[in-house]
>>> print(open('coords06.txt').read())   # compact mmCIF, C-alpha atoms
# COMPACT_ATOMS: atom_id res chain seq x y z
CA MET P 115 -10.31 11.15 43.12
CA ASP P 116 -13.51 11.76 41.21
CA VAL P 117 -14.44 8.69 39.10
CA LYS P 118 -14.80 10.82 36.01
CA GLU P 119 -11.30 12.21 36.43
CA LYS P 120 -10.03 8.65 36.86
CA TYR P 121 -11.84 7.59 33.70
CA TYR P 122 -10.34 10.48 31.70
CA LEU P 123 -6.90 9.62 33.04
CA GLU P 124 -7.20 5.93 32.06
CA ILE P 125 -7.89 6.92 28.45
CA ALA P 126 -5.32 9.72 28.43
CA ASP P 127 -2.51 7.73 30.08
CA SER P 128 -2.81 4.87 27.59
CA ALA P 129 -2.62 7.32 24.69
CA PHE P 130 0.25 9.21 26.32
CA ILE P 131 2.36 6.16 27.11
CA LEU P 132 1.78 4.53 23.71
CA SER P 133 2.61 7.85 22.08
CA HIS P 134 5.91 7.91 23.95
CA ARG P 135 6.75 4.37 22.85
CA LEU P 136 6.16 5.41 19.24
CA ALA P 137 8.15 8.62 19.74
CA GLU P 138 11.10 6.51 20.93
CA CYS P 139 11.27 5.17 17.35
CA CYS P 140 11.61 8.67 15.89
CA SER P 141 14.58 8.67 13.48
CA ARG P 142 14.89 4.87 13.87
CA GLY P 143 12.29 3.80 11.32
CA PRO P 144 13.34 1.34 8.63
CA TYR P 145 13.08 4.18 6.11
CA LEU P 146 11.90 7.77 5.98
CA GLU P 147 8.23 7.15 5.10
CA GLU P 148 7.68 4.62 7.88
CA ASP P 149 9.48 6.86 10.33
CA LEU P 150 7.11 9.74 9.54
CA ALA P 151 4.06 7.49 9.67
CA GLY P 152 5.00 6.29 13.16
CA THR P 153 5.65 9.76 14.50
CA ASN P 154 2.40 11.05 12.94
CA ASN P 155 0.63 8.34 14.84
CA ALA P 156 2.45 9.39 18.03
CA LEU P 157 1.34 13.00 17.52
CA ASP P 158 -2.30 11.98 17.07
CA LEU P 159 -2.12 10.08 20.36
CA ILE P 160 -0.47 12.89 22.28
CA GLY P 161 -3.17 15.23 20.98
CA LEU P 162 -5.80 12.89 22.36
CA ALA P 163 -4.00 12.66 25.71
CA GLU P 164 -3.53 16.42 25.93
CA SER P 165 -7.22 17.22 25.47
CA LEU P 166 -8.18 14.71 28.15
CA TYR P 167 -5.46 15.86 30.59
CA THR P 168 -6.60 19.46 30.17
CA GLU P 169 -10.16 18.47 31.04
CA ALA P 170 -9.09 16.19 33.90
CA ALA P 171 -6.89 18.95 35.34
CA LYS P 172 -9.96 21.17 35.70
CA MET P 173 -11.64 18.52 37.87
CA HIS P 174 -8.59 17.97 40.04
CA GLU P 175 -9.09 19.38 43.51
CA ALA P 176 -5.45 20.49 43.91
CA GLY P 177 -5.55 22.71 40.80
CA MET P 178 -3.11 20.84 38.57
CA SER P 179 -2.29 21.65 34.95
CA ALA P 180 -2.36 19.19 32.06
CA ASP P 181 1.45 19.20 32.10
CA ASP P 182 1.47 18.36 35.81
CA LEU P 183 -0.75 15.35 35.12
CA ALA P 184 1.40 14.20 32.23
CA TYR P 185 4.82 14.74 33.81
CA ARG P 186 4.54 14.97 37.58
CA ARG P 187 2.88 11.82 38.81
CA SER P 188 4.55 8.76 40.26
CA GLU P 189 4.37 5.35 38.63
CA GLY P 190 1.43 4.09 40.68
CA ASP P 191 -0.66 7.09 39.66
CA TYR P 192 -0.56 6.27 35.92
CA TYR P 193 -3.49 4.12 34.76
CA ASN P 194 -2.46 3.08 31.24
CA TYR P 195 -2.90 -0.47 29.96
CA LEU P 196 0.16 -2.69 30.37
CA LEU P 197 0.04 -3.27 26.60
CA CYS P 198 0.97 0.37 25.90
CA GLU P 199 4.14 0.33 28.02
CA GLN P 200 5.58 -2.85 26.46
CA PRO P 201 8.96 -2.08 24.87
CA ASN P 202 9.81 -1.65 21.18
CA THR P 203 11.28 -5.13 20.70
CA ASP P 204 11.26 -5.11 16.90
CA PHE P 205 9.13 -3.72 14.08
CA ALA P 206 6.67 -6.63 14.24
CA TRP P 207 6.16 -6.05 18.00
CA ILE P 208 5.70 -2.31 17.50
CA MET P 209 3.12 -2.87 14.78
CA THR P 210 1.31 -5.71 16.59
CA ARG P 211 1.03 -3.62 19.76
CA GLN P 212 -0.28 -0.80 17.58
CA PHE P 213 -2.73 -3.09 15.81
CA PHE P 214 -4.21 -4.37 19.09
CA MET P 215 -4.56 -0.80 20.39
CA ASP P 216 -5.92 0.58 17.10
CA VAL P 217 -8.67 -2.04 16.96
CA PHE P 218 -9.44 -1.30 20.60
CA HIS P 219 -9.48 2.48 20.12
CA TYR P 220 -11.65 2.15 17.03
CA TYR P 221 -14.45 0.25 18.78
CA PHE P 222 -13.96 2.02 22.11
CA PHE P 223 -14.46 5.46 20.58
CA SER P 224 -17.28 4.13 18.39
CA GLU P 225 -19.04 3.39 21.70
CA LEU P 226 -18.07 6.69 23.33
CA ILE P 227 -19.79 8.59 20.52
CA ARG P 228 -22.99 7.74 22.37
CA SER P 229 -21.65 8.83 25.76
CA SER P 230 -23.88 11.07 27.85
CA ASP P 231 -20.76 13.17 28.56
CA ALA P 232 -20.62 15.88 25.88
CA PHE P 233 -16.84 16.27 26.15
CA LEU P 234 -16.15 12.55 25.67
CA GLN P 235 -18.60 12.54 22.79
CA ALA P 236 -16.68 15.34 21.06
CA VAL P 237 -13.33 13.65 21.73
CA ALA P 238 -14.69 10.40 20.30
CA HIS P 239 -15.85 12.13 17.10
CA LYS P 240 -12.45 13.70 16.51
CA THR P 241 -10.42 10.66 17.51
CA LEU P 242 -12.40 8.21 15.44
CA LYS P 243 -11.19 9.84 12.22
CA GLU P 244 -7.57 9.51 13.30
CA VAL P 245 -7.99 5.99 14.58
CA THR P 246 -9.72 4.80 11.40
CA TYR P 247 -6.54 5.67 9.56
CA HIS P 248 -4.26 4.11 12.21
CA LEU P 249 -6.24 0.88 12.06
CA LYS P 250 -6.13 0.71 8.29
CA ARG P 251 -2.37 1.09 8.36
CA SER P 252 -1.61 -1.37 11.15
CA SER P 253 -4.03 -4.07 9.91
CA GLU P 254 -2.48 -3.87 6.44
CA TRP P 255 0.92 -4.33 8.03
CA MET P 256 -0.32 -7.45 9.87
CA VAL P 257 -1.49 -8.92 6.57
CA ARG P 258 1.83 -7.98 4.96
CA PHE P 259 3.78 -9.68 7.76
CA GLY P 260 1.70 -12.83 7.50
CA GLY P 261 1.78 -13.01 3.72
CA GLY P 262 5.36 -11.81 3.33
CA THR P 263 8.30 -14.09 4.00
CA GLU P 264 8.52 -16.94 6.49
CA THR P 265 10.68 -14.67 8.69
CA SER P 266 8.14 -11.84 8.69
CA ARG P 267 5.30 -14.24 9.52
CA LEU P 268 7.29 -15.80 12.38
CA LYS P 269 8.19 -12.40 13.77
CA ALA P 270 4.55 -11.29 13.73
CA GLN P 271 3.40 -14.56 15.32
CA ASN P 272 6.08 -14.18 17.96
CA ALA P 273 4.85 -10.65 18.73
CA ILE P 274 1.24 -11.87 18.96
CA ASP P 275 2.25 -14.68 21.32
CA GLY P 276 4.20 -12.23 23.46
CA LEU P 277 1.60 -9.46 23.63
CA TRP P 278 -1.65 -11.44 23.80
CA LYS P 279 -1.51 -11.67 27.60
CA TYR P 280 -1.87 -7.87 27.83
CA THR P 281 -5.00 -7.63 25.68
CA GLY P 282 -7.49 -8.92 28.26
CA GLU P 283 -6.92 -5.81 30.34
CA LEU P 284 -8.43 -3.63 27.60
CA PHE P 285 -11.85 -5.07 28.43
CA THR P 286 -11.53 -5.45 32.19
CA ALA P 287 -13.73 -2.83 33.81
CA SER P 288 -12.17 -0.59 36.44
CA ASN P 289 -14.21 0.93 39.23
CA ALA P 290 -14.53 4.09 37.13
CA ASP P 291 -15.82 2.07 34.16
CA THR P 292 -18.49 0.41 36.28
CA CYS P 293 -19.63 3.55 38.11
CA LEU P 294 -19.88 5.60 34.92
CA ARG P 295 -21.56 2.80 32.97
CA ALA P 296 -24.70 3.31 35.02
CA LEU P 297 -24.71 6.96 33.94
CA HIS P 298 -24.08 6.04 30.27
CA VAL P 299 -20.81 7.98 30.37
CA SER P 300 -18.33 5.14 29.84
CA ALA P 301 -18.10 2.69 26.95
CA ASP P 302 -19.62 -0.78 27.24
CA LEU P 303 -16.46 -2.89 27.34
CA GLU P 304 -18.32 -6.12 26.60
CA VAL P 305 -19.50 -4.71 23.28
CA VAL P 306 -15.96 -3.45 22.58
CA ARG P 307 -14.52 -6.88 23.45
CA ALA P 308 -16.83 -8.75 21.04
CA LYS P 309 -16.08 -6.37 18.16
CA TRP P 310 -12.36 -6.31 18.94
CA LEU P 311 -12.18 -10.09 18.85
CA GLN P 312 -14.11 -10.28 15.60
CA LYS P 313 -11.83 -7.76 13.87
CA VAL P 314 -8.65 -9.37 15.21
CA ASN P 315 -9.86 -12.80 14.06
CA GLU P 316 -10.65 -11.40 10.64
CA VAL P 317 -7.20 -9.83 10.18
CA PHE P 318 -5.47 -12.93 11.57
CA TYR P 319 -7.38 -15.04 9.06
CA LEU P 320 -6.29 -12.81 6.17
CA ALA P 321 -2.73 -12.78 7.47
CA ASN P 322 -2.54 -16.50 8.21
CA LEU P 323 -1.63 -15.68 11.82
CA LYS P 324 -2.93 -17.47 14.89
CA LYS P 325 -4.46 -16.50 18.20
CA PRO P 326 -2.37 -18.06 21.00
CA SER P 327 -4.00 -21.09 22.60
CA ASN P 328 -2.84 -19.95 26.05
CA ASP P 329 -5.29 -17.29 27.17
CA TYR P 330 -3.53 -16.36 30.43
CA GLN P 331 -3.97 -12.62 31.06
CA VAL P 332 -1.99 -10.11 33.12
CA LEU P 333 -3.88 -7.20 34.67
CA GLY P 334 -2.78 -4.18 36.68
CA GLY P 335 -2.12 -1.08 34.59
CA LYS P 336 -5.58 0.40 35.09
CA SER P 337 -5.10 0.23 38.85
CA GLY P 338 -1.55 1.61 38.75
CA ILE P 339 0.34 -1.68 39.02
CA HIS P 340 2.81 -1.70 36.15
CA SER P 341 5.35 -3.96 34.49
CA GLU P 342 9.09 -3.52 35.04
CA TYR P 343 9.36 -1.31 31.94
CA MET P 344 7.20 1.51 33.27
CA GLY P 345 9.67 2.96 35.79
CA HIS P 346 12.47 3.17 33.22
CA MET P 347 10.12 4.75 30.75
CA LEU P 348 8.92 7.36 33.24
CA SER P 349 12.47 8.31 34.22
CA ASP P 350 12.96 9.15 30.56
CA ILE P 351 9.63 10.94 30.15
CA GLN P 352 10.03 12.96 33.36
CA PHE P 353 13.73 13.71 33.02
CA LEU P 354 13.23 17.24 31.73
CA THR P 355 10.54 18.28 34.22
CA ASN P 356 12.62 16.83 37.06
CA LYS P 357 15.81 18.56 36.05
CA TYR P 358 14.23 21.88 35.02
CA PRO P 359 11.01 22.14 37.07
CA GLU P 360 10.34 25.67 35.80
CA ALA P 361 10.76 24.80 32.12
CA ILE P 362 7.87 25.90 29.94
CA TRP P 363 7.17 25.75 26.22
CA MET U 286 17.67 -2.21 10.13
CA GLU U 287 17.62 -3.13 6.46
CA THR U 288 17.97 0.01 4.39
CA GLU U 289 18.74 -1.27 0.91
CA ASN U 290 15.28 -2.38 -0.08
CA GLN U 291 12.78 0.42 0.42
CA GLY U 292 10.33 -0.68 -2.25
CA ALA U 293 9.51 0.88 -5.57
CA LEU U 294 9.50 4.61 -6.24
CA TRP U 295 6.12 6.36 -6.59
CA GLU U 296 5.36 9.95 -7.63
CA VAL U 297 2.98 11.93 -5.44
CA PHE U 298 0.43 14.48 -6.67
CA ILE U 299 -1.60 16.68 -4.34
CA GLN U 300 -4.81 18.56 -4.96
CA THR U 301 -5.01 21.59 -2.69
CA LYS U 302 -8.73 22.28 -3.12
CA ALA U 303 -11.55 20.39 -4.79
CA GLY U 304 -11.73 21.25 -8.50
CA GLN U 305 -8.11 22.33 -8.81
CA ALA U 306 -5.41 20.50 -10.71
CA PHE U 307 -3.25 17.90 -8.97
CA LYS U 308 0.32 19.15 -8.58
CA HIS U 309 3.45 17.08 -8.32
CA ALA U 310 4.70 17.17 -4.73
CA GLY U 311 7.59 14.71 -4.72
CA SER U 312 8.15 11.01 -4.45
CA ILE U 313 8.02 8.21 -1.88
CA HIS U 314 8.98 4.56 -1.59
CA ALA U 315 6.45 1.79 -1.04
CA PHE U 316 5.88 -1.90 -1.67
CA ASP U 317 2.22 -1.79 -2.72
CA LYS U 318 -0.62 0.58 -3.62
CA GLU U 319 -2.06 0.88 -0.12
CA MET U 320 1.33 1.54 1.37
CA ALA U 321 2.08 4.07 -1.37
CA ILE U 322 -1.02 6.20 -0.76
CA GLU U 323 -0.52 6.00 3.02
CA ASN U 324 3.16 6.92 2.81
CA ALA U 325 2.25 9.81 0.53
CA ARG U 326 -0.35 10.97 3.06
CA ASP U 327 2.07 10.72 5.96
CA THR U 328 4.94 12.37 4.10
CA TYR U 329 3.23 15.17 2.17
CA THR U 330 -0.12 16.08 3.75
CA ARG U 331 0.70 16.35 7.45
CA ARG U 332 0.14 20.10 7.54
CA GLY U 333 -3.18 20.21 5.76
CA GLU U 334 -1.66 20.59 2.29
CA GLY U 335 -4.38 18.78 0.44
CA THR U 336 -7.81 17.31 0.00
CA GLY U 337 -6.90 14.92 -2.79
CA LEU U 338 -3.97 12.61 -3.41
CA TRP U 339 -2.66 10.56 -6.35
CA VAL U 340 0.28 8.21 -6.43
CA VAL U 341 1.71 6.81 -9.65
CA PRO U 342 4.48 4.22 -9.98
CA SER U 343 7.47 6.22 -11.24
CA ASP U 344 8.34 3.59 -13.82
CA GLN U 345 4.89 4.03 -15.40
CA ILE U 346 5.60 7.65 -16.25
CA VAL U 347 6.79 8.22 -19.81
CA ALA U 348 9.25 11.10 -19.97
CA VAL U 349 11.21 12.88 -22.68
CA SER U 350 14.87 11.93 -22.46
CA ALA U 351 17.55 14.59 -22.20
CA LEU U 352 18.78 13.58 -25.64
CA GLU U 353 15.39 14.29 -27.20
CA THR U 354 14.79 17.58 -25.41
CA PRO U 355 16.06 19.84 -28.25
CA SER U 356 14.01 18.13 -30.96
CA PHE U 357 10.92 18.06 -28.75
CA PHE U 358 10.86 21.60 -27.44
CA GLU U 359 13.13 23.96 -29.34
CA PRO U 360 11.00 24.13 -32.51
CA ALA U 361 8.36 26.00 -30.46
CA ASP U 362 10.78 28.71 -29.36
CA ASP U 363 10.54 30.94 -32.45
CA LYS U 364 6.80 30.65 -33.03
CA VAL U 365 5.48 33.53 -30.94
CA TYR U 366 2.37 33.74 -33.12
CA ARG U 367 1.08 30.66 -31.32
CA HIS U 368 0.73 32.56 -28.07
CA PRO U 369 -2.79 33.93 -27.57
CA THR U 370 -1.37 37.15 -26.11
CA PHE U 371 -3.81 39.44 -27.94
CA TYR U 372 -6.77 38.45 -25.78
CA ASN U 373 -7.75 40.07 -22.49
CA LEU U 374 -8.88 37.70 -19.80
CA PRO U 375 -12.21 38.49 -18.17
CA GLU U 376 -11.68 39.80 -14.64
CA GLY U 377 -13.41 36.91 -12.88
CA VAL U 378 -11.06 34.24 -14.25
CA GLN U 379 -8.55 33.12 -11.66
CA GLN U 380 -7.36 29.71 -12.82
CA MET U 381 -6.29 29.61 -16.45
>>> encode(input="coords06.txt", output="C-alpha cells")
Amino acid sequence: MDVKEKYYLEIADSAFILSHRLAECCSRGPYLEEDLAGTNNALDLIGLAESLYTEAAKMHEAGMSADDLAYRRSEGDYYNYLLCEQPNTDFAWIMTRQFFMDVFHYYFFSELIRSSDAFLQAVAHKTLKEVTYHLKRSSEWMVRFGGGTETSRLKAQNAIDGLWKYTGELFTASNADTCLRALHVSADLEVVRAKWLQKVNEVFYLANLKKPSNDYQVLGGKSGIHSEYMGHMLSDIQFLTNKYPEAIW
Amino acid sequence: METENQGALWEVFIQTKAGQAFKHAGSIHAFDKEMAIENARDTYTRRGEGTGLWVVPSDQIVAVSALETPSFFEPADDKVYRHPTFYNLPEGVQQM
C-alpha cells in the first residue's frame, strides 16, 4: 500500500470509528439537547472520514470505493487509534474519550494546515472549524465534571485513569508518518504532543482532575492490532454490507 | 439515565442573516450559559438556519399573563386610525 493512502486511512479510520461510537449513543443521551450534540459531533467526524476515504479510494490499486474502504475491510486492515474504539462505559468516559481526541484533532489539524499536500491542507482548514467547537464543548464538560459533585469528579477521574494508556498512541509515529514527514506532508507529532499535553494539563487544572501517575501505554491500532472491542464493533458496522452486499444509498 | 433534572429552561432566538431581527426559534434546557448557547446551536442551527444566536433564561422574560390580556390588548382593537395605512411604501423597502 502507498504510504500516502495509509496515512489517509489512519486519519479516516480514527474519525470513522469514533463517529460510530458516538452514533451508538443516538437516542440514549441524558436528554434531547445532549443527544443532538453527540450525534452532530458524530456527523462531523463521518464527514471527515468520508472525504478521506474518497481520496484514498482513488489511490487504491484495486479500484475500491469509499464505501468499500469503510465497510469491507477486515479488522487488521483498520488503522484507527485504540482510544477511538474504547466502549461507551458511561457519560464521563464518552466525554473524556472525546476530550482527548478533540484536543488531539485540534493540534493535529493545526499542523496539517501547513502540509505540502493540497488535499490534506483543505481538509485541515474545514475540519479545524468543526473541531474548535468540539473541543470547546468537551473541555467545558471536563471542567463541569471536576467542579460538579463528588460523584461527577470521581467518574471523570475514573475515565481519565482508564483511558490514559491509549493516549500515547496518538503521538507514536507510524511508518507512514515518518516517510511523509520528510516530504512535509504529515503532521509533526512531537509538536502535537507538546501542545496536547499543555492543553490537557490546563483543563485538568481548571477541573481539579489529575493526570495518572502510571504512564504505561498500549500501542497497536495504527498497525492494525486492536483491542477486544474492535471485532464486536465491526460486526455491527459491517452487518448491513455483509447481509445485503448490493445495498446502495 | 437521570431524566428529571435537565437544567433550567432557556429561550432561543436566531438571526437568519446579518442585520435582520432575531426571531424566536424555541427553547432548550441547560445548566449554564456556555451549555445553553451550545445546546441552542446543536438543536436549532444544524441545517444552516442562522448566523447569529441569542439565548435568554426563560424566567428572565416578563410576559403578560392570560388574565391581563384583555386589558392590555383589546383597547387597541377599535382604533383603526392608529394604523398608518394611508402611506405607500417605496418599492425598494423589503423589511418593514
>>> atom_distance(input="coords06.txt", atom1="CA of Gly260 (chain P)", atom2="CA of Tyr343 (chain P)")
28.1 Å
>>> interface_residues(input="coords06.txt", of="chain P", to="chain U", cutoff="6 Å", atoms="all atoms listed in the file", output="list in words")
Pro144, Glu147 and Ala151 of chain P
>>> residues_around(input="coords06.txt", residues="region 307-321 of chain P", least_positions_apart="3", cutoff="8 Å", atoms="only C-alpha atoms", output="list in words")
Phe214, Val217, Phe218, Tyr221, Ser253, Met256, Val257, Arg258, Phe259, Gly260, Gly261, Phe285, Leu303, Glu304, Lys324 and Lys325 of chain P
>>> atom_distance(input="coords06.txt", atom1="CA of Gly152 (chain P)", atom2="CA of Glu199 (chain P)")
16.0 Å
>>> atom_distance(input="coords06.txt", atom1="CA of Ile322 (chain U)", atom2="CA of Lys302 (chain U)")
18.0 Å
>>> residues_near_point(input="coords06.txt", point="(-6.0, -9.0, 30.8)", cutoff="7 Å", atoms="only C-alpha atoms", output="list in words")
Lys279, Tyr280, Thr281, Gly282, Glu283, Leu284, Thr286, Gln331, Val332 and Leu333 of chain P
>>> residues_near_point(input="coords06.txt", point="(1.9, 15.9, 29.8)", cutoff="9 Å", atoms="all atoms listed in the file", output="list in words")
Phe130, Ile160, Ala163, Glu164, Tyr167, Ser179, Ala180, Asp181, Asp182, Leu183, Ala184, Tyr185 and Arg186 of chain P
>>> build_atoms(input="coords06.txt", residues="region 337-348 of chain U", atoms="all heavy atoms", output="PDB file, keeping the file's coordinate frame")
ATOM      1  N   GLY U 337      -6.917  16.018  -1.835  1.00  0.00           N
ATOM      2  CA  GLY U 337      -6.900  14.920  -2.790  1.00  0.00           C
ATOM      3  C   GLY U 337      -5.474  14.454  -2.994  1.00  0.00           C
ATOM      4  O   GLY U 337      -4.531  15.234  -2.836  1.00  0.00           O
ATOM      5  N   LEU U 338      -5.318  13.169  -3.314  1.00  0.00           N
ATOM      6  CA  LEU U 338      -3.970  12.610  -3.410  1.00  0.00           C
ATOM      7  C   LEU U 338      -3.928  11.550  -4.501  1.00  0.00           C
ATOM      8  O   LEU U 338      -4.823  10.706  -4.589  1.00  0.00           O
ATOM      9  CB  LEU U 338      -3.646  11.974  -2.047  1.00  0.00           C
ATOM     10  CG  LEU U 338      -2.207  11.747  -1.637  1.00  0.00           C
ATOM     11  CD1 LEU U 338      -1.395  13.021  -1.698  1.00  0.00           C
ATOM     12  CD2 LEU U 338      -2.172  11.202  -0.210  1.00  0.00           C
ATOM     13  N   TRP U 339      -2.903  11.618  -5.361  1.00  0.00           N
ATOM     14  CA  TRP U 339      -2.660  10.560  -6.350  1.00  0.00           C
ATOM     15  C   TRP U 339      -1.253  10.022  -6.124  1.00  0.00           C
ATOM     16  O   TRP U 339      -0.334  10.801  -5.832  1.00  0.00           O
ATOM     17  CB  TRP U 339      -2.672  11.137  -7.772  1.00  0.00           C
ATOM     18  CG  TRP U 339      -4.003  11.485  -8.333  1.00  0.00           C
ATOM     19  CD1 TRP U 339      -5.228  11.185  -7.834  1.00  0.00           C
ATOM     20  CD2 TRP U 339      -4.231  12.236  -9.541  1.00  0.00           C
ATOM     21  NE1 TRP U 339      -6.213  11.683  -8.647  1.00  0.00           N
ATOM     22  CE2 TRP U 339      -5.632  12.335  -9.697  1.00  0.00           C
ATOM     23  CE3 TRP U 339      -3.404  12.821 -10.488  1.00  0.00           C
ATOM     24  CZ2 TRP U 339      -6.210  13.001 -10.776  1.00  0.00           C
ATOM     25  CZ3 TRP U 339      -3.968  13.492 -11.559  1.00  0.00           C
ATOM     26  CH2 TRP U 339      -5.363  13.573 -11.710  1.00  0.00           C
ATOM     27  N   VAL U 340      -1.084   8.742  -6.309  1.00  0.00           N
ATOM     28  CA  VAL U 340       0.280   8.210  -6.430  1.00  0.00           C
ATOM     29  C   VAL U 340       0.368   7.402  -7.715  1.00  0.00           C
ATOM     30  O   VAL U 340      -0.590   6.723  -8.099  1.00  0.00           O
ATOM     31  CB  VAL U 340       0.692   7.310  -5.236  1.00  0.00           C
ATOM     32  CG1 VAL U 340       0.995   8.135  -4.009  1.00  0.00           C
ATOM     33  CG2 VAL U 340      -0.347   6.260  -4.932  1.00  0.00           C
ATOM     34  N   VAL U 341       1.486   7.500  -8.373  1.00  0.00           N
ATOM     35  CA  VAL U 341       1.710   6.810  -9.650  1.00  0.00           C
ATOM     36  C   VAL U 341       3.078   6.143  -9.586  1.00  0.00           C
ATOM     37  O   VAL U 341       4.047   6.788  -9.188  1.00  0.00           O
ATOM     38  CB  VAL U 341       1.708   7.837 -10.808  1.00  0.00           C
ATOM     39  CG1 VAL U 341       1.912   7.146 -12.137  1.00  0.00           C
ATOM     40  CG2 VAL U 341       0.430   8.657 -10.808  1.00  0.00           C
ATOM     41  N   PRO U 342       3.148   4.853  -9.968  1.00  0.00           N
ATOM     42  CA  PRO U 342       4.480   4.220  -9.980  1.00  0.00           C
ATOM     43  C   PRO U 342       5.402   4.993 -10.925  1.00  0.00           C
ATOM     44  O   PRO U 342       5.029   5.253 -12.068  1.00  0.00           O
ATOM     45  CB  PRO U 342       4.206   2.819 -10.532  1.00  0.00           C
ATOM     46  CG  PRO U 342       2.742   2.596 -10.373  1.00  0.00           C
ATOM     47  CD  PRO U 342       2.102   3.941 -10.432  1.00  0.00           C
ATOM     48  N   SER U 343       6.567   5.380 -10.439  1.00  0.00           N
ATOM     49  CA  SER U 343       7.470   6.220 -11.240  1.00  0.00           C
ATOM     50  C   SER U 343       7.826   5.574 -12.572  1.00  0.00           C
ATOM     51  O   SER U 343       7.986   6.260 -13.574  1.00  0.00           O
ATOM     52  CB  SER U 343       8.740   6.521 -10.460  1.00  0.00           C
ATOM     53  OG  SER U 343       8.393   7.114  -9.231  1.00  0.00           O
ATOM     54  N   ASP U 344       7.923   4.231 -12.565  1.00  0.00           N
ATOM     55  CA  ASP U 344       8.340   3.590 -13.820  1.00  0.00           C
ATOM     56  C   ASP U 344       7.197   3.517 -14.846  1.00  0.00           C
ATOM     57  O   ASP U 344       7.388   3.046 -15.964  1.00  0.00           O
ATOM     58  CB  ASP U 344       8.935   2.196 -13.564  1.00  0.00           C
ATOM     59  CG  ASP U 344       7.920   1.241 -12.959  1.00  0.00           C
ATOM     60  OD1 ASP U 344       6.727   1.614 -12.838  1.00  0.00           O
ATOM     61  OD2 ASP U 344       8.310   0.110 -12.603  1.00  0.00           O
ATOM     62  N   GLN U 345       6.005   3.982 -14.457  1.00  0.00           N
ATOM     63  CA  GLN U 345       4.890   4.030 -15.400  1.00  0.00           C
ATOM     64  C   GLN U 345       4.788   5.390 -16.085  1.00  0.00           C
ATOM     65  O   GLN U 345       3.930   5.605 -16.941  1.00  0.00           O
ATOM     66  CB  GLN U 345       3.561   3.750 -14.669  1.00  0.00           C
ATOM     67  CG  GLN U 345       3.456   2.352 -14.093  1.00  0.00           C
ATOM     68  CD  GLN U 345       3.430   1.281 -15.171  1.00  0.00           C
ATOM     69  OE1 GLN U 345       2.622   1.364 -16.088  1.00  0.00           O
ATOM     70  NE2 GLN U 345       4.341   0.324 -15.093  1.00  0.00           N
ATOM     71  N   ILE U 346       5.632   6.312 -15.653  1.00  0.00           N
ATOM     72  CA  ILE U 346       5.600   7.650 -16.250  1.00  0.00           C
ATOM     73  C   ILE U 346       6.517   7.667 -17.462  1.00  0.00           C
ATOM     74  O   ILE U 346       7.667   7.225 -17.400  1.00  0.00           O
ATOM     75  CB  ILE U 346       6.022   8.712 -15.221  1.00  0.00           C
ATOM     76  CG1 ILE U 346       4.925   8.819 -14.156  1.00  0.00           C
ATOM     77  CG2 ILE U 346       6.268  10.060 -15.894  1.00  0.00           C
ATOM     78  CD1 ILE U 346       5.220   9.769 -13.059  1.00  0.00           C
ATOM     79  N   VAL U 347       5.981   8.118 -18.589  1.00  0.00           N
ATOM     80  CA  VAL U 347       6.790   8.220 -19.810  1.00  0.00           C
ATOM     81  C   VAL U 347       7.332   9.632 -19.878  1.00  0.00           C
ATOM     82  O   VAL U 347       6.567  10.598 -19.808  1.00  0.00           O
ATOM     83  CB  VAL U 347       5.928   7.917 -21.052  1.00  0.00           C
ATOM     84  CG1 VAL U 347       6.787   7.928 -22.303  1.00  0.00           C
ATOM     85  CG2 VAL U 347       5.222   6.582 -20.887  1.00  0.00           C
ATOM     86  N   ALA U 348       8.645   9.773 -19.966  1.00  0.00           N
ATOM     87  CA  ALA U 348       9.250  11.100 -19.970  1.00  0.00           C
ATOM     88  C   ALA U 348      10.112  11.297 -21.206  1.00  0.00           C
ATOM     89  O   ALA U 348      10.575  10.331 -21.821  1.00  0.00           O
ATOM     90  CB  ALA U 348      10.076  11.283 -18.705  1.00  0.00           C
TER      91      ALA U 348
END
